[in-house]
Amino acid sequence: METFLQNVRYALRSLRKSPGFTLMAVLALALGIGANSAVFSVVNGVLLKPPPFTQPERLVHLWGNYAKANIHDIVVSVPEYRDYLTMPRAFSSLAAFEASNVTLTGGDAPERLQLTLSTASLFPTLGVAPVLGRAFSEEEETLGRDKVLVLTHKTWRTRFAQDPGVLGRELRLDGDTYTVVGVLPPGVEYPADTDLYAPFAPTAERAAAVSRGYRFLSVVGRLKPGLTLEAAKADMDRVGREMETLHEEYYKGYGWAISVKSLEDEVVGQVRGTLWLLLGAVGFVLLVACSSVANLLLARATARQREVSIRAALGAGRAQLVGQFLAESLVLSAAGGGLGLLLAKWGTDALVAMVGDGLPRAAAVGLDVSSVLFTVGLSVLTGVGFGLVPALQASRVDLSSTMREGSRGTEGGKAGRLRSGLVVGQVAFALVLLVGAGLFLRSFQALTQVDAGFTPEGVLTGQLALPAVGYAKPEDQRAFQQELLRRVQALPGVESAGVTNMLPLGGKTNISFDVEGRTRAAGEMWPAVESRFASADYLRTLKVRLRDGRMLQETDGPDAAWAVVINQTFADLYWPKGDALGQRVKLHQSDAQWTTVVGIVDDLREWGLDTPARPTAYYSALQVPLTHLYLTVRVKAGEPESLRTAIESEVRALDGNLPLFKVTSMVRLVDESIGSRRLTALLMGLFAGTALLLAALGISGVIGYSVAQRTREMGIRMALGAAKSDVLVLVLRQGVKLAGLGVGLGLVLSLVLARLLSTLLYGVTAYDPWTFVGVAALLSGVALGATWLPAHRATRVDPIIALKAE
Amino acid sequence: MMTTNNNAETPASEDAAVLSGAAKVETGKSLITLEGLTKVFETEEVETHALSNIHLNIRQGEWVAIVGPSGSGKSTLLAVLGLLDTTTRGTYLLDGKSVLDLSASDRALVRNRHIGFIFQSFNLIGDLTVFENVELPLTYRGMPAAERKQRVEKALDKVGMAHRARHMPGQLSGGQQQRVAVARAVAGDPLILLADEPTGNLDSKNGEAVMQLLSELHKAGATICMVTHDPAHARVATRTVSLFDGRVVQDEQRR
Ligand SMILES: Nc1ncnc2c1ncn2[C@@H]1O[C@H](COP(=O)(O)OP(=O)(O)OP(=O)(O)O)[C@@H](O)[C@H]1O
Ligand SMILES: [Mg+2]
């Protein structure tokens, strides 16, 4: 221990004596370690930290599937949930829930909150108990007794200042009065973004047997102890088959099946691949950084050979010499780790801020104990890792060779080969990262060039949720919608305005339908269609191009014949002969009428930029009024945000209890929809850039060092008649050799690893030749540039040096 | 001027050639002519006149020993002769052509074609084999591989090192290394061999061997200009030029 401290003291002193080297090494390590800790913090928070549920690995999500209609992961109806409660044997408990938006009134301004309506079994199923008050009882799953609330910890914290007296408080939500009965422990917000929970009490209509196809409930279950996911799947396969025989009209011939997915997959499945990928990528950055430092240490060790031989001559053993060098690298990595931790703190916050909504469990991400432990562990590991080799190398004093007179020329040797090897590794890793970054960049670029089918620029969007109180009847909803649009359209600066039930890129609401004059063969099912309900000017506001027929109009009202505008994909699929106009369809919805196709428009990317258009129908929102409205407003000129306050005050004037929420520009929504891809591309680019820089410095360093060592040789060669170009080529060739080996190795490695990326890419294959060639060329160019400087220095050697005695 | 006979008569030179053995090539042709050559090093307020107003004529087939005390300018003169260094004033004709105002790349070309260097510290390149070391100047000349091979083998044979062609310099003794260096110097058939204390790093036995080698080369017609500290070695040469303080103070032809 004492010798260790002494070693550390000596290391500190010797490092202070070479501040340039120390700075380089610490910076490289801080970059490597910091980036790793930041990404690890995210991975840890999102993937590794157990969610705040009891035995979360036993929690599953149940989804319905009509495989033959290519419809997957659909929610369930009340009658189906009842089947799930009785027929399966795999679950110790099941719960159903439905997320909804409510407006909280009684404060300064109306506010929109996410209310999750759940069966009383939700909390026991998840394995959480309130920290304050109580959960729901089954008796409260009845209309009239269901106006009780359980708050999330966050809501309790942010709205009630953690006041224990909140129990018994009354809140007005959508005009109804609810009583707070409990508060959940921190971190329990399932489904995501829930603010409040109330019991799910189905209306008689929803609970009726005929509502089997009316699906809106999500179902989670807890597997019985010791039961595997596979066993549960088999169990639900059986249940699916039983349901099929009991209710043929709903299931037979459609490929009905119930899928069982782990809850963890549901929550983080989307980001898991990307996160592990980023952690892997950033690991490569650390490898490159460590090789950089090892390289610096090796060069330093060579320069200190004399010191080492003196120490050895004074009787220092190999272990002592190694200890000395190791102490130095540990000091370096400790400094790098410390600085890295600061970088990580900053980086983690920046990461979470950048992904924002795109990251599940973002709240759980932070630089906590495990991140710090990870950083410390990483620092020690890298310290020993990159320090051991140079230490062993340096401690192997070859007295005979240093003593030997007459062996003139350069000292290539093991250290030189090791350094070259490290640089080859750096180049290879940098290439792998560059390929990754290139592929993600190309994916991102491909996405931004997708024709979304509409013009987002100049459009402001916002949402409104009409409560049942005051807007129960379709007439009220219709009147609100018309008055809202009339007021907004009258605003100066507004070009047009529309409403819909779901914005582009927003997700799925497919509803099945009938086509007039066609009957379904037994077992055949028509693919359900994306169904949108829109006001007359909605598509015009988005500047969607009309291909044939007409757009929806104000006259497509409740008393007129029902009209629908469909997209090209829909028209091509059902009426490939081009005779879609004038055909009639009918939604499978209680009060739907036969509806005439009046127009065909361009395809819109309703599911996201990376998902090709699906058949989509736009019904008139005057014929099927909306309770949840997405308002879209196109400005005549300038920033759409400039209209925000004017629109908000119109809404207030219309109904003082209705907040316009999630107000944002359409451009922003488009941006956010590809935000995580942008971040991935950005991070990969950042990592690759860092690696490239370190590799370039590595090449330059190694070649520069070798040129310095070979000064005399260069002089001799020039004395013998080598022209400047001969010397230049000699040195460049050395660089090209290193870079070539690195690039070759990197390409092989990339080809092996590219497969891992394929599912995360868009519009480009994992083996995209342009990326591979481009990246190899870029890296070779950089390598050549990095060699140029020392090569040029070599040409300036004075040949007269050959005459001087050594 | 304290110089004596720095413009030897042609018959004397022929005579020397006859006396020194069997000169098979035409001798007497003026190879190197220096006139008023001056080299001043300027370092921080100190001007060192390393060479002052040197007049020197070296004819084909001569073996010139340059002697003088340390710091007298011997190495500087050799560097100038070998186009490794520039001069301050004067003219230098090599084989009748002025070479002082050549560009760096032309100087490299002249070094490569017409001058063979033998250094005190051998200066073999440690990463290259004996063969490759000897081949190096020929490579810079752009000579085809087959011809290079033939020349290298001939040169190595001449110095008795053919059997060590595949060895690395580190595996050779000092004397052997210097013989390889000699082979490298003569492989390209230069106009003149320049040697700066070729025996300086060798023990007397190895030194004698190298001198023997140079004698043989001289007998075969080589023109040699050699810096040496050893009076015994200087006596082997056909002519001794003594430098003192950057000036030629004596120029003695023997036989
Ligand atoms: N690059 C230089 N810069 C300044 N002065 C120099 C330089 N090279 C040589 N000199 C000076 O020029 C003079 C002649 O040096 P030179 O090396 O030619 O001597 P030398 O006769 O070869 O000596 P030695 O027998 O010790 O090798 C010396 O005074 C030396 O200090
Ligand atoms: Mg000298």
# chains A, B, ... in the order shown; residues from 1 in each chain; ligands from 1
>>> interface_residues(of="chain B", to="chain A", cutoff="7 Å", atoms="only C-alpha atoms", output="compact mmCIF listing (two decimals) with N, CA and C atoms, in the first residue's frame")
# COMPACT_ATOMS: atom_id res chain seq x y z
N ALA B 79 31.49 17.68 -47.15
CA ALA B 79 30.05 17.90 -47.32
C ALA B 79 29.80 18.75 -48.56
N LEU B 84 26.25 17.95 -50.04
CA LEU B 84 25.36 17.84 -48.88
C LEU B 84 25.15 19.22 -48.27
N ASP B 85 26.05 20.13 -48.64
CA ASP B 85 25.98 21.46 -48.03
C ASP B 85 26.22 22.50 -49.12
N SER B 105 16.54 19.07 -55.71
CA SER B 105 16.29 17.76 -56.31
C SER B 105 17.40 17.41 -57.31
N ALA B 108 20.25 16.13 -55.34
CA ALA B 108 20.01 14.74 -54.95
C ALA B 108 20.37 13.82 -56.11
N LEU B 109 20.01 14.27 -57.32
CA LEU B 109 20.28 13.47 -58.51
C LEU B 109 21.78 13.31 -58.72
N ARG B 111 24.20 13.62 -56.45
CA ARG B 111 24.70 12.76 -55.37
C ARG B 111 24.52 11.30 -55.73
N ASN B 112 23.30 11.05 -56.20
CA ASN B 112 22.93 9.68 -56.48
C ASN B 112 23.77 9.08 -57.62
N PHE B 119 30.72 6.59 -44.74
CA PHE B 119 30.65 7.40 -43.53
C PHE B 119 31.44 6.76 -42.40
N SER B 121 30.34 6.42 -39.38
CA SER B 121 29.49 5.51 -38.60
C SER B 121 28.65 4.62 -39.52
N ASN B 123 26.39 4.04 -41.25
CA ASN B 123 25.10 4.52 -41.73
C ASN B 123 24.36 3.53 -42.61
N LEU B 124 24.42 2.26 -42.24
CA LEU B 124 23.53 1.30 -42.91
C LEU B 124 22.15 1.47 -42.27
N ILE B 125 21.12 1.21 -43.06
CA ILE B 125 19.77 1.36 -42.51
C ILE B 125 19.35 0.05 -41.88
N GLY B 126 19.03 0.15 -40.57
CA GLY B 126 18.86 -1.05 -39.74
C GLY B 126 17.72 -1.94 -40.17
N ASP B 127 16.71 -1.37 -40.82
CA ASP B 127 15.54 -2.16 -41.20
C ASP B 127 15.75 -2.91 -42.50
N PRO B 137 20.69 3.16 -53.29
CA PRO B 137 20.94 4.28 -54.22
C PRO B 137 20.54 3.93 -55.65
N TYR B 140 16.84 4.55 -56.01
CA TYR B 140 16.51 5.97 -56.20
C TYR B 140 16.79 6.40 -57.63
N PRO B 169 22.01 -5.47 -40.88
CA PRO B 169 23.24 -4.80 -40.44
C PRO B 169 23.58 -5.10 -38.98
N GLY B 170 22.53 -5.22 -38.15
CA GLY B 170 22.77 -5.48 -36.73
C GLY B 170 23.49 -6.78 -36.47
N GLY B 174 31.44 -4.34 -36.94
CA GLY B 174 31.66 -3.00 -37.47
C GLY B 174 32.41 -3.03 -38.79
>>> select_by_dssp(residues="segment 92-254 of chain B", states="strand (DSSP E or B)", output="JSON, numbers by chain")
{"B": [92, 93, 94, 97, 98, 115, 116, 117, 118, 192, 193, 194, 195, 196, 224, 225, 226, 227, 239, 240, 241, 242, 243, 244, 247, 248, 249, 250, 251, 252, 253]}
>>> write_last_selection(atoms="N, CA, C and O atoms", output="CSV table (one decimal), in the first residue's frame")
chain,number,residue,atom,x,y,z
B,92,TYR,N,32.4,25.6,-57.9
B,92,TYR,CA,32.6,24.2,-57.8
B,92,TYR,C,32.2,23.5,-59.1
B,92,TYR,O,31.0,23.6,-59.5
B,93,LEU,N,33.2,23.0,-59.9
B,93,LEU,CA,32.9,22.3,-61.1
B,93,LEU,C,33.1,20.8,-60.8
B,93,LEU,O,34.1,20.4,-60.4
B,94,LEU,N,32.0,20.1,-61.1
B,94,LEU,CA,32.1,18.6,-61.0
B,94,LEU,C,32.0,18.1,-62.4
B,94,LEU,O,31.0,18.3,-63.0
B,97,LYS,N,31.0,20.6,-64.9
B,97,LYS,CA,29.8,21.4,-64.8
B,97,LYS,C,29.6,22.0,-63.4
B,97,LYS,O,30.0,21.4,-62.4
B,98,SER,N,29.2,23.2,-63.4
B,98,SER,CA,29.0,23.9,-62.1
B,98,SER,C,27.8,23.3,-61.4
B,98,SER,O,26.7,23.1,-62.0
B,115,ILE,N,28.3,10.5,-56.9
B,115,ILE,CA,29.1,10.5,-55.7
B,115,ILE,C,28.8,9.3,-54.9
B,115,ILE,O,27.6,8.9,-54.7
B,116,GLY,N,29.8,8.6,-54.3
B,116,GLY,CA,29.6,7.5,-53.4
B,116,GLY,C,30.2,7.9,-52.0
B,116,GLY,O,31.3,8.3,-51.9
B,117,PHE,N,29.3,7.8,-51.1
B,117,PHE,CA,29.7,8.1,-49.7
B,117,PHE,C,30.0,6.9,-48.8
B,117,PHE,O,29.4,5.9,-48.9
B,118,ILE,N,31.1,7.1,-48.1
B,118,ILE,CA,31.4,6.2,-47.0
B,118,ILE,C,31.5,7.0,-45.7
B,118,ILE,O,32.3,7.9,-45.7
B,192,ILE,N,33.3,9.7,-58.0
B,192,ILE,CA,34.3,9.9,-56.9
B,192,ILE,C,33.7,9.3,-55.6
B,192,ILE,O,32.5,9.3,-55.4
B,193,LEU,N,34.6,8.7,-54.8
B,193,LEU,CA,34.2,8.2,-53.5
B,193,LEU,C,34.6,9.2,-52.5
B,193,LEU,O,35.7,9.6,-52.5
B,194,LEU,N,33.7,9.6,-51.6
B,194,LEU,CA,34.0,10.5,-50.6
B,194,LEU,C,33.9,9.7,-49.2
B,194,LEU,O,32.8,9.1,-49.0
B,195,ALA,N,34.9,9.8,-48.4
B,195,ALA,CA,34.9,9.0,-47.2
B,195,ALA,C,35.3,9.9,-46.0
B,195,ALA,O,36.4,10.5,-46.1
B,196,ASP,N,34.5,10.0,-45.0
B,196,ASP,CA,34.8,10.8,-43.9
B,196,ASP,C,35.2,9.9,-42.7
B,196,ASP,O,34.4,9.3,-42.1
B,224,ILE,N,39.3,8.7,-55.1
B,224,ILE,CA,38.9,8.7,-53.7
B,224,ILE,C,39.3,10.0,-53.1
B,224,ILE,O,40.4,10.5,-53.3
B,225,CYS,N,38.4,10.6,-52.3
B,225,CYS,CA,38.7,11.7,-51.4
B,225,CYS,C,38.3,11.3,-50.0
B,225,CYS,O,37.2,11.0,-49.7
B,226,MET,N,39.4,11.3,-49.1
B,226,MET,CA,39.1,10.7,-47.8
B,226,MET,C,39.7,11.5,-46.7
B,226,MET,O,40.8,12.0,-46.8
B,227,VAL,N,38.8,11.8,-45.7
B,227,VAL,CA,39.2,12.5,-44.5
B,227,VAL,C,39.8,11.5,-43.6
B,227,VAL,O,39.2,10.5,-43.3
B,239,ARG,N,48.0,11.6,-52.4
B,239,ARG,CA,48.1,13.0,-52.3
B,239,ARG,C,47.5,13.4,-50.9
B,239,ARG,O,46.5,12.8,-50.5
B,240,THR,N,48.1,14.3,-50.2
B,240,THR,CA,47.6,14.7,-48.9
B,240,THR,C,47.4,16.2,-48.9
B,240,THR,O,48.3,17.0,-49.2
B,241,VAL,N,46.1,16.6,-48.7
B,241,VAL,CA,45.8,18.0,-48.6
B,241,VAL,C,45.6,18.3,-47.1
B,241,VAL,O,44.8,17.7,-46.4
B,242,SER,N,46.4,19.2,-46.6
B,242,SER,CA,46.3,19.6,-45.2
B,242,SER,C,45.5,20.9,-45.0
B,242,SER,O,45.7,21.9,-45.7
B,243,LEU,N,44.5,20.8,-44.1
B,243,LEU,CA,43.7,22.0,-43.8
B,243,LEU,C,44.1,22.5,-42.5
B,243,LEU,O,44.4,21.8,-41.6
B,244,PHE,N,44.0,23.8,-42.3
B,244,PHE,CA,44.2,24.4,-41.0
B,244,PHE,C,43.3,25.7,-41.0
B,244,PHE,O,43.4,26.5,-41.9
B,247,ARG,N,41.7,26.6,-44.3
B,247,ARG,CA,42.5,26.9,-45.4
B,247,ARG,C,43.4,25.7,-45.8
B,247,ARG,O,43.7,24.9,-44.9
B,248,VAL,N,43.7,25.6,-47.1
B,248,VAL,CA,44.7,24.5,-47.5
B,248,VAL,C,46.1,25.0,-47.2
B,248,VAL,O,46.5,26.0,-47.7
B,249,VAL,N,46.7,24.3,-46.3
B,249,VAL,CA,48.1,24.8,-45.9
B,249,VAL,C,49.2,24.0,-46.5
B,249,VAL,O,50.3,24.4,-46.5
B,250,GLN,N,48.8,22.8,-47.0
B,250,GLN,CA,49.8,22.0,-47.7
B,250,GLN,C,49.1,21.0,-48.6
B,250,GLN,O,48.0,20.6,-48.3
B,251,ASP,N,49.7,20.8,-49.7
B,251,ASP,CA,49.2,19.9,-50.7
B,251,ASP,C,50.3,19.1,-51.3
B,251,ASP,O,51.1,19.6,-52.1
B,252,GLU,N,50.4,17.8,-50.8
B,252,GLU,CA,51.6,17.1,-51.1
B,252,GLU,C,51.3,15.9,-52.0
B,252,GLU,O,50.4,15.0,-51.7
B,253,GLN,N,51.9,15.8,-53.1
B,253,GLN,CA,51.8,14.7,-54.0
B,253,GLN,C,52.9,13.7,-53.7
B,253,GLN,O,54.0,14.1,-53.5
>>> select_by_dssp(residues="segment 33-114 of chain A", states="alpha helix (DSSP H)", output="list in words")
Ile33, Gly34, Ala35, Asn36, Ser37, Ala38, Val39, Phe40, Ser41, Val42, Val43, Val78, Pro79, Glu80, Tyr81, Arg82, Asp83, Tyr84, Leu85 and Thr86 of chain A
>>> write_last_selection(atoms="C-alpha atoms", output="tab-separated table (two decimals), in the first residue's frame")
chain	number	residue	atom	x	y	z
A	33	ILE	CA	-15.49	7.49	-20.23
A	34	GLY	CA	-17.92	10.43	-20.15
A	35	ALA	CA	-19.71	9.35	-23.30
A	36	ASN	CA	-19.94	5.81	-21.98
A	37	SER	CA	-21.31	6.88	-18.62
A	38	ALA	CA	-23.89	9.13	-20.25
A	39	VAL	CA	-25.17	6.40	-22.53
A	40	PHE	CA	-24.99	3.89	-19.70
A	41	SER	CA	-27.12	6.18	-17.52
A	42	VAL	CA	-29.80	6.14	-20.16
A	43	VAL	CA	-29.57	2.39	-20.70
A	78	VAL	CA	-65.66	-5.53	-22.47
A	79	PRO	CA	-67.17	-8.91	-23.44
A	80	GLU	CA	-63.74	-10.11	-24.53
A	81	TYR	CA	-62.19	-8.94	-21.27
A	82	ARG	CA	-64.84	-10.96	-19.44
A	83	ASP	CA	-63.74	-14.01	-21.43
A	84	TYR	CA	-60.14	-13.31	-20.46
A	85	LEU	CA	-61.14	-13.19	-16.81
A	86	THR	CA	-62.68	-16.63	-16.90
>>> closest_atom_pairs(of="chain B", to="ligand 2", cutoff="10 Å", atoms="only C-alpha atoms and all ligand atoms", output="JSON lines")
{"residue": "B:Val67", "atom": "CA", "partner": "ligand 2", "partner_atom_place_in_ligand_line": "1 (Mg)", "distance": 10.0}
{"residue": "B:Gly68", "atom": "CA", "partner": "ligand 2", "partner_atom_place_in_ligand_line": "1 (Mg)", "distance": 9.7}
{"residue": "B:Pro69", "atom": "CA", "partner": "ligand 2", "partner_atom_place_in_ligand_line": "1 (Mg)", "distance": 9.4}
{"residue": "B:Ser70", "atom": "CA", "partner": "ligand 2", "partner_atom_place_in_ligand_line": "1 (Mg)", "distance": 6.9}
{"residue": "B:Gly71", "atom": "CA", "partner": "ligand 2", "partner_atom_place_in_ligand_line": "1 (Mg)", "distance": 7.0}
{"residue": "B:Ser72", "atom": "CA", "partner": "ligand 2", "partner_atom_place_in_ligand_line": "1 (Mg)", "distance": 8.4}
{"residue": "B:Gly73", "atom": "CA", "partner": "ligand 2", "partner_atom_place_in_ligand_line": "1 (Mg)", "distance": 7.1}
{"residue": "B:Lys74", "atom": "CA", "partner": "ligand 2", "partner_atom_place_in_ligand_line": "1 (Mg)", "distance": 5.7}
{"residue": "B:Ser75", "atom": "CA", "partner": "ligand 2", "partner_atom_place_in_ligand_line": "1 (Mg)", "distance": 4.1}
{"residue": "B:Thr76", "atom": "CA", "partner": "ligand 2", "partner_atom_place_in_ligand_line": "1 (Mg)", "distance": 7.3}
{"residue": "B:Leu77", "atom": "CA", "partner": "ligand 2", "partner_atom_place_in_ligand_line": "1 (Mg)", "distance": 9.3}
{"residue": "B:Leu78", "atom": "CA", "partner": "ligand 2", "partner_atom_place_in_ligand_line": "1 (Mg)", "distance": 8.8}
{"residue": "B:Ala79", "atom": "CA", "partner": "ligand 2", "partner_atom_place_in_ligand_line": "1 (Mg)", "distance": 9.7}
{"residue": "B:Gln120", "atom": "CA", "partner": "ligand 2", "partner_atom_place_in_ligand_line": "1 (Mg)", "distance": 9.2}
{"residue": "B:Asp196", "atom": "CA", "partner": "ligand 2", "partner_atom_place_in_ligand_line": "1 (Mg)", "distance": 7.0}
{"residue": "B:Glu197", "atom": "CA", "partner": "ligand 2", "partner_atom_place_in_ligand_line": "1 (Mg)", "distance": 7.7}
{"residue": "B:Val227", "atom": "CA", "partner": "ligand 2", "partner_atom_place_in_ligand_line": "1 (Mg)", "distance": 7.7}
{"residue": "B:Thr228", "atom": "CA", "partner": "ligand 2", "partner_atom_place_in_ligand_line": "1 (Mg)", "distance": 8.8}
{"residue": "B:His229", "atom": "CA", "partner": "ligand 2", "partner_atom_place_in_ligand_line": "1 (Mg)", "distance": 9.4}
>>> residues_around(residues="Ala222 of chain B", least_positions_apart="5", cutoff="9 Å", atoms="only C-alpha atoms", output="list in words")
Gln60, Gly61, Glu62, Trp63, Val186, Asp189, Pro190, Leu191, Ile192, Leu193, Leu214, Glu216 and Leu217 of chain B
>>> write_last_selection(atoms="all heavy atoms", output="short mmCIF file (atom, residue, chain, number, x, y, z; two decimals), in the first residue's frame")
data_model
loop_
_atom_site.label_atom_id
_atom_site.label_comp_id
_atom_site.auth_asym_id
_atom_site.auth_seq_id
_atom_site.Cartn_x
_atom_site.Cartn_y
_atom_site.Cartn_z
N GLN B 60 40.94 12.65 -62.08
CA GLN B 60 40.46 11.27 -62.09
C GLN B 60 41.59 10.34 -61.69
O GLN B 60 42.73 10.49 -62.12
CB GLN B 60 39.99 10.93 -63.49
CG GLN B 60 39.09 9.74 -63.51
CD GLN B 60 38.19 9.78 -64.73
OE1 GLN B 60 38.62 10.12 -65.80
NE2 GLN B 60 36.93 9.45 -64.53
N GLY B 61 41.29 9.37 -60.82
CA GLY B 61 42.27 8.37 -60.44
C GLY B 61 43.08 8.76 -59.23
O GLY B 61 43.85 7.96 -58.71
N GLU B 62 42.92 9.98 -58.75
CA GLU B 62 43.66 10.39 -57.57
C GLU B 62 43.05 9.79 -56.31
O GLU B 62 41.87 9.49 -56.25
CB GLU B 62 43.64 11.93 -57.43
CG GLU B 62 44.70 12.62 -58.26
CD GLU B 62 44.81 14.07 -57.88
OE1 GLU B 62 43.82 14.82 -58.13
OE2 GLU B 62 45.84 14.47 -57.33
N TRP B 63 43.91 9.65 -55.28
CA TRP B 63 43.42 9.28 -53.96
C TRP B 63 43.89 10.37 -53.03
O TRP B 63 45.08 10.43 -52.70
CB TRP B 63 43.97 7.90 -53.55
CG TRP B 63 43.44 7.42 -52.22
CD1 TRP B 63 42.70 8.11 -51.34
CD2 TRP B 63 43.65 6.15 -51.63
NE1 TRP B 63 42.40 7.37 -50.24
CE2 TRP B 63 42.97 6.14 -50.40
CE3 TRP B 63 44.34 4.99 -52.05
CZ2 TRP B 63 42.97 5.03 -49.55
CZ3 TRP B 63 44.33 3.90 -51.20
CH2 TRP B 63 43.64 3.92 -49.95
N VAL B 186 30.13 2.09 -53.99
CA VAL B 186 30.67 1.84 -55.34
C VAL B 186 29.67 1.21 -56.28
O VAL B 186 29.89 1.18 -57.49
CB VAL B 186 31.94 0.95 -55.28
CG1 VAL B 186 33.01 1.63 -54.45
CG2 VAL B 186 31.60 -0.44 -54.75
N ASP B 189 28.74 2.98 -59.47
CA ASP B 189 29.81 3.49 -60.33
C ASP B 189 29.93 5.01 -60.28
O ASP B 189 29.79 5.69 -61.31
CB ASP B 189 29.59 3.06 -61.80
CG ASP B 189 30.24 1.72 -62.06
OD1 ASP B 189 31.16 1.36 -61.28
OD2 ASP B 189 29.82 1.05 -63.02
N PRO B 190 30.20 5.57 -59.11
CA PRO B 190 30.25 7.02 -59.00
C PRO B 190 31.54 7.57 -59.60
O PRO B 190 32.50 6.83 -59.82
CB PRO B 190 30.21 7.26 -57.50
CG PRO B 190 30.85 6.05 -56.92
CD PRO B 190 30.51 4.91 -57.82
N LEU B 191 31.55 8.89 -59.86
CA LEU B 191 32.77 9.53 -60.33
C LEU B 191 33.81 9.55 -59.25
O LEU B 191 35.00 9.42 -59.50
CB LEU B 191 32.46 10.97 -60.77
CG LEU B 191 31.63 11.16 -62.02
CD1 LEU B 191 31.31 12.63 -62.21
CD2 LEU B 191 32.36 10.61 -63.22
N ILE B 192 33.33 9.75 -58.01
CA ILE B 192 34.28 9.89 -56.91
C ILE B 192 33.70 9.29 -55.64
O ILE B 192 32.49 9.33 -55.41
CB ILE B 192 34.63 11.39 -56.70
CG1 ILE B 192 35.74 11.54 -55.66
CG2 ILE B 192 33.40 12.21 -56.33
CD1 ILE B 192 36.40 12.90 -55.71
N LEU B 193 34.58 8.69 -54.85
CA LEU B 193 34.19 8.18 -53.54
C LEU B 193 34.60 9.20 -52.49
O LEU B 193 35.74 9.64 -52.45
CB LEU B 193 34.90 6.86 -53.24
CG LEU B 193 34.41 5.61 -53.98
CD1 LEU B 193 35.30 4.42 -53.60
CD2 LEU B 193 32.98 5.32 -53.60
N LEU B 214 39.99 -0.02 -49.89
CA LEU B 214 40.05 1.23 -50.66
C LEU B 214 41.22 1.20 -51.64
O LEU B 214 41.10 1.66 -52.78
CB LEU B 214 40.17 2.43 -49.71
CG LEU B 214 38.90 2.76 -48.90
CD1 LEU B 214 39.15 3.95 -47.98
CD2 LEU B 214 37.71 3.04 -49.82
N GLU B 216 42.46 -1.37 -53.10
CA GLU B 216 42.08 -2.19 -54.25
C GLU B 216 41.20 -1.42 -55.21
O GLU B 216 41.36 -1.47 -56.43
CB GLU B 216 41.37 -3.47 -53.79
CG GLU B 216 42.34 -4.51 -53.26
CD GLU B 216 41.64 -5.55 -52.40
OE1 GLU B 216 40.40 -5.68 -52.50
OE2 GLU B 216 42.34 -6.22 -51.60
N LEU B 217 40.25 -0.67 -54.61
CA LEU B 217 39.35 0.13 -55.45
C LEU B 217 40.14 1.17 -56.23
O LEU B 217 39.90 1.42 -57.41
CB LEU B 217 38.28 0.81 -54.59
CG LEU B 217 37.22 -0.11 -54.01
CD1 LEU B 217 36.37 0.64 -53.00
CD2 LEU B 217 36.36 -0.70 -55.12
#
>>> closest_residue(among="B:Ala187, B:Ala237, B:Leu128, B:Val110", to="Glu153 of chain B", atoms="only C-alpha atoms")
B:Ala187
>>> residues_around(residues="segment 181-196 of chain A", least_positions_apart="2", cutoff="7 Å", atoms="only C-alpha atoms", output="MDAnalysis selection string")
chainID A and resid 52 113:116 129:135 148:155 167:168 179 198
>>> residues_around(residues="Thr87 of chain B", least_positions_apart="2", cutoff="12 Å", atoms="only C-alpha atoms", output="ChimeraX atom specification")
/B:34-41,49-54,76-85,89-92,99-102
>>> residues_around(residues="Trp594 of chain A", least_positions_apart="5", cutoff="8 Å", atoms="only C-alpha atoms", output="list in words")
Trp562, Arg584, Val585, Lys586 and Leu587 of chain A
>>> residues_around(residues="Leu213 of chain B", least_positions_apart="4", cutoff="8 Å", atoms="only C-alpha atoms", output="list in words")
Val159, Arg179, Ala209 and Leu217 of chain B
>>> closest_residue(among="A:Asp559, A:Glu606, A:Glu264, A:Glu648", to="Pro51 of chain A", atoms="only C-alpha atoms")
A:Glu264
